[in-house]
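K.L.:
Handing you this structure, nothing more for now.
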2 protein chains.
Amino acid sequence: MANSSTNTGIVHVPAKDLITPDHLSPAAKASLTMAKIPSTYPQPSNTKAWKALIASTDQFLANMAGTAAAPATLHTEERNIAGVRVYIVTPNNLPPSDRGIILEMHGGALIYGGGETCRIMAQRTATRLRRRVWSIDYRMPPDHPYPAGLDDCITVYRALMKERTPREIIFKGMSAGGNLIAALALRARDEGLPLPAAAVLNTPEVDLTESGDTFQTNVDVDSLLRPLMPINLMYANGHDLRHPYLSPLFADLSKGFPPAILTAGTRDLFLSNTVRFHRALRKAGVEAHLHIMEAAGHIGLPGSPEEEEIDEEVRSFISSKWQGGGNAVAQL
Amino acid sequence: MANSSTNTGIVHVPAKDLITPDHLSPAAKASLTMAKIPSTYPQPSNTKAWKALIASTDQFLANMAGTAAAPATLHTEERNIAGVRVYIVTPNNLPPSDRGIILEMHGGALIYGGGETCRIMAQRTATRLRRRVWSIDYRMPPDHPYPAGLDDCITVYRALMKERTPREIIFKGMSAGGNLIAALALRARDEGLPLPAAAVLNTPEVDLTESGDTFQTNVDVDSLLRPLMPINLMYANGHDLRHPYLSPLFADLSKGFPPAILTAGTRDLFLSNTVRFHRALRKAGVEAHLHIMEAAGHIGLPGSPEEEEIDEEVRSFISSKWQGGGNAVAQL
């Protein structure tokens with residue numbers, strides 16, 4: 001036992017090379033060596049450059065989520081809800097009695113993942129969770145900073161409430177989607193709307209100030225994600241990053257939040273986001289369950305049995321919380 | 001978004017200096033700058049040198065746990081149970097009807113923490129959990145390698161079963177104590193003994209092979225703990241490190257394990273141990289709850305409100321699981 005700390009509180013960590021842990025499944029090992037996504041640094045200098053970066057990153061995200069062709073096991077439709085595009089993805093073998101809806105906000109750092117990429121990611125969610133998914137193709141920067149995207153989310157939620165009871169709805173979001181879905185829960189609460197049956201928060205970006213410790217400890221350890229402050233500032237567009245609708249970690253959660261399941265990985269840049277939000281929910285008396293995937297960075301371990309285990313936790317949690325009808329549908 | 005990974009799976013992490021996160025409480029910040037414990041490297045070359053290192057480390061651990069004087073709020077006695085010394089610590093204001101017992105194996109890397117240090121750490125546990133604690137002063141290397149310590153544990157558990165029902169007993173262990181308490185549950189199960197009401201596993205050393213990813217990612221990030229292989233090999237004394245009684249992570253947990261609560265920190269060298277054991281328990285169908293403390297290394301954040309929050313989770317979990325009588329006793 002020894003260390004490199006001093007009494008100043010500065011901990012010096014020498015350079016190191018991380019190998020892929022041998023105990024992981026072959027699929028998990030392969031996912032740890034996946035190609036990296038386009039860099040946000042140096043920061044684009046104008047809107048055109050941002051849009052070019054967004055286009056290339058969207059292609060990367062779409063490739064990671066799956067093929068552009070809709071799986072034959074799913075039915076996908078596009079609806080316009082009060083001006084907002086929503087992709088509705090339904091597993092073909094979902095029993096007709098199943099009224100449950102996963103209301104999803106897609107990930108992508110609050111600027112990526114719109115349009116076709118949103119559709120493809122929604123199909124992946126429907127496949128993994130074996131449920132009907134409504135995924136909101138919300139507006140994003142550079143053209144539409146906060147609160148445009150959140151406005152779109154609440155517009156769709158209000159419309160959905162006319163078709164379903166709150167107990168038939170589950171909120172879900174990964175990364176930036178976790179930011180928006182948590183902000184939506186807070187804003188719905190503040191506006192007197194009922195809360196959904198539960199929330200699924202996968203490595204959620206709940207703190208745009210990036211104050212968590214893994215924003216330093218897991219830099220370069222997480223091979224997908226680096227701090228996103230240039231994007232956060234573009235999204236906030238002058239609003240205080242600490243406002244609860246921008247950083248739900250700083251909300252008064254004791255005033256209400258749905259029961260939640262939270263997931264992240266040990267190499268995840270957003271590990272602190274996740275465990276801090278878990279603690280904040282528990283401190284506020286909200287039911288909350290934490291699951292951490294060994295060696296996973298922000299993207300998880302796509303296609304691995306380790307990720308399937310986490311998906312099963314999420315499916316079980318949803319089944320226990322909603323009245324959407326039935327349990328998991330047959331294997332897709 | 002960029003990274004330093006290549007397609008070989010090697011992730012290069014440049015040197016970095018970690019600061020103490022500003023959002024932590026003053027007490028948590030102070031605990032992150034605490035003195036480091038004596039080094040195990042270079043490895044002592046003989047038994048005498050090991051014993052000198054153990055003596056100095058025990059003094060460090062005792063200082064960290066509290067003063068040598070027993071708190072006035074506690075009653076401490078020493079019992080000899082079939083040749084094994086057990087410290088029994090009872091809060092003075094525990095209601096007479098409270099029959100519950102926390103059966104604790106102390107931490108200390110499987111070689112430290114015996115004798116007086118065991119007594120002081122047991123007093124700290126009784127104060128934090130507000131319960132009666134039986135802490136086993138089990139035999140350790142260099143004189144008494146595996147299975148001596150585990151033999152002591154099962155000897156005491158067998159004796160305790162004559163005084164209490166299993167539903168009145170909670171297993172608890174931190175670090176090396178988590179190794180022994182998990183191994184005890186497995187061995188008790190294998191020997192046909194009933195299991196206790198639940199298990200509390202604080203940053204447990206459940207894998208003596210040290211195969212988890214945070215054994216590389218959190219080296220030098222955790223300012224208390226470094227890998228312990230020289231000690232693990234001394235403890236195993238030639239036995240296979242992967243045997244479930246040495247590394248409970250590799251056990252078949254579907255054959256039975258008590259409901260468990262697991263805690264660790266994001267800087268913790270044993271974060272992988274903890275999250276992997278959580279997943280192994282869940283996969284085996286065992287009830288298991290995970291709580292991760294932001295920025296905490298292996299030692300936690302002693303004396304901080306952040307740690308008190310975790311203690312409250314543990315107290316609530318115990319209250320929900322056992323029939324030890326009553327809920328938390330009055331504040332100590």
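Convention: chains lettered A, B, ... in structure tokens order; per-chain residue numbering from 1; ligands numbered from 1 as shown.
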Pick out each residue of stretch 243-282 of chain B that DSSP on the backbone tags as alpha helix (DSSP H); I need them as a PyMOL selection string.

P.N.:
chain B and resi 271-282

K.L.:
Which residues, written as a ChimeraX atom specification, have at least one atom at most 12 Å from stretch 64-77 of chain A, with only C-alpha atoms counted and residues fewer than 2 positions away on the same chain left out?

P.N.:
/A:31,34-37,57-62,79-80,85-94,106-108,113,115-128,130-135,224,299-303,329-332

K.L.:
Name the residues of stretch 123-199 of chain B that fall into strand (DSSP E or B) according to DSSP on the backbone, using the chain letters and numbers of this document, as a VMD selection string.

P.N.:
chain B and resid 133 to 136 169 to 174 198 to 199

K.L.:
Export, as a tab-separated table (two decimals), in the first residue's frame, the selected residues with C-alpha atoms.

P.N.:
chain	number	residue	atom	x	y	z
B	133	VAL	CA	-21.46	-6.09	16.92
B	134	TRP	CA	-19.57	-9.34	17.32
B	135	SER	CA	-16.18	-8.85	15.68
B	136	ILE	CA	-14.01	-11.91	15.20
B	169	ILE	CA	-27.79	-12.27	12.44
B	170	ILE	CA	-26.33	-9.97	9.78
B	171	PHE	CA	-22.94	-10.66	8.22
B	172	LYS	CA	-20.75	-7.63	7.67
B	173	GLY	CA	-17.29	-7.11	6.30
B	174	MET	CA	-15.22	-4.34	4.77
B	198	ALA	CA	-28.45	-10.52	5.11
B	199	ALA	CA	-24.91	-9.47	4.30

K.L.:
Quick one: everything within 9 Å of A:Ala183, counting only C-alpha atoms, minus sequence neighbours fewer than 6 positions away in the same chain. Send it as a PyMOL selection string.

P.N.:
chain A and resi 150+206+244-248

K.L.:
Kindly save the residues from that selection, with N, CA, C and O atoms included, as a compact mmCIF listing (two decimals), in the first residue's frame.

P.N.:
# COMPACT_ATOMS: atom_id res chain seq x y z
N LEU A 150 -36.38 20.78 -24.96
CA LEU A 150 -37.22 20.43 -23.82
C LEU A 150 -38.68 20.80 -24.08
O LEU A 150 -39.60 20.08 -23.68
N VAL A 206 -26.59 14.46 -16.37
CA VAL A 206 -27.44 15.28 -15.49
C VAL A 206 -26.75 16.51 -14.94
O VAL A 206 -27.36 17.27 -14.19
N PRO A 244 -32.05 23.55 -12.83
CA PRO A 244 -32.43 22.12 -12.82
C PRO A 244 -32.91 21.59 -14.16
O PRO A 244 -32.79 20.39 -14.42
N TYR A 245 -33.44 22.45 -15.04
CA TYR A 245 -33.85 21.95 -16.35
C TYR A 245 -32.65 21.73 -17.27
O TYR A 245 -32.76 21.06 -18.30
N LEU A 246 -31.50 22.29 -16.90
CA LEU A 246 -30.27 22.05 -17.66
C LEU A 246 -29.39 21.00 -16.97
O LEU A 246 -28.73 20.22 -17.64
N SER A 247 -29.38 21.04 -15.65
CA SER A 247 -28.60 20.07 -14.86
C SER A 247 -29.51 19.50 -13.78
O SER A 247 -29.52 19.98 -12.64
N PRO A 248 -30.28 18.47 -14.09
CA PRO A 248 -31.25 17.94 -13.13
C PRO A 248 -30.65 17.47 -11.81
O PRO A 248 -31.36 17.34 -10.81

K.L.:
So which one's closest to chain A, B:Ala236, B:Ala260, B:Ala55, B:Ala109? Using only C-alpha atoms, please.

P.N.:
B:Ala109

K.L.:
Suppose you want the space between atom CA of B:Ile292 and atom CA of A:Ser319; what is it in Å?

P.N.:
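Atom-to-atom, atom CA of B:Ile292 to atom CA of A:Ser319, that is 25.2 Å.
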
K.L.:
Fewer than 3 positions away in the same chain doesn't count, so skip those; otherwise give me all residues within 12 Å of B:His243, counting only C-alpha atoms, as a CSV table (one decimal) with N, CA and C atoms, in the first residue's frame.

P.N.:
chain,number,residue,atom,x,y,z
B,146,TYR,N,-4.5,-19.0,5.2
B,146,TYR,CA,-5.7,-19.8,4.9
B,146,TYR,C,-5.4,-21.2,5.1
B,147,PRO,N,-6.4,-22.0,5.7
B,147,PRO,CA,-7.8,-21.6,6.0
B,147,PRO,C,-8.0,-21.2,7.5
B,179,ASN,N,-14.2,-10.2,2.0
B,179,ASN,CA,-13.7,-11.5,1.5
B,179,ASN,C,-14.2,-12.7,2.5
B,183,ALA,N,-16.9,-15.6,2.1
B,183,ALA,CA,-16.4,-16.9,2.1
B,183,ALA,C,-17.2,-17.7,3.2
B,186,LEU,N,-20.5,-18.8,2.0
B,186,LEU,CA,-20.4,-19.9,1.1
B,186,LEU,C,-20.1,-21.2,1.8
B,187,ARG,N,-19.2,-21.1,2.8
B,187,ARG,CA,-18.8,-22.3,3.5
B,187,ARG,C,-19.9,-22.8,4.4
B,206,VAL,N,-13.3,-9.5,-3.0
B,206,VAL,CA,-13.8,-10.8,-3.4
B,206,VAL,C,-13.1,-11.6,-4.4
B,207,ASP,N,-12.0,-10.9,-4.9
B,207,ASP,CA,-11.2,-11.5,-6.0
B,207,ASP,C,-9.7,-11.4,-5.7
B,208,LEU,N,-9.1,-12.4,-5.1
B,208,LEU,CA,-7.7,-12.3,-4.8
B,208,LEU,C,-6.8,-12.4,-6.0
B,209,THR,N,-7.4,-12.8,-7.2
B,209,THR,CA,-6.6,-12.8,-8.4
B,209,THR,C,-6.4,-11.3,-9.0
B,236,ALA,N,-3.0,-17.2,0.8
B,236,ALA,CA,-3.4,-18.4,0.1
B,236,ALA,C,-2.5,-19.6,0.5
B,238,GLY,N,-0.3,-21.3,-1.1
B,238,GLY,CA,-0.3,-22.3,-2.1
B,238,GLY,C,-1.6,-22.8,-2.6
B,239,HIS,N,-2.7,-22.4,-1.9
B,239,HIS,CA,-4.0,-22.8,-2.4
B,239,HIS,C,-4.4,-21.9,-3.7
B,240,ASP,N,-5.3,-22.4,-4.5
B,240,ASP,CA,-5.7,-21.7,-5.7
B,240,ASP,C,-6.4,-20.4,-5.4
B,246,LEU,N,-11.5,-18.5,-1.3
B,246,LEU,CA,-10.5,-17.4,-1.4
B,246,LEU,C,-10.9,-16.2,-2.2
B,247,SER,N,-11.7,-16.5,-3.3
B,247,SER,CA,-12.2,-15.5,-4.2
B,247,SER,C,-13.7,-15.7,-4.4
B,248,PRO,N,-14.5,-15.3,-3.5
B,248,PRO,CA,-16.0,-15.6,-3.6
B,248,PRO,C,-16.6,-15.2,-4.9
B,249,LEU,N,-16.0,-14.2,-5.6
B,249,LEU,CA,-16.5,-13.8,-6.9
B,249,LEU,C,-16.7,-15.0,-7.8
B,250,PHE,N,-15.9,-16.0,-7.7
B,250,PHE,CA,-15.9,-17.2,-8.6
B,250,PHE,C,-16.8,-18.3,-8.1
B,251,ALA,N,-17.6,-18.1,-7.1
B,251,ALA,CA,-18.5,-19.1,-6.5
B,251,ALA,C,-19.7,-19.2,-7.4
B,252,ASP,N,-20.4,-20.4,-7.2
B,252,ASP,CA,-21.7,-20.6,-7.8
B,252,ASP,C,-22.7,-20.0,-6.8
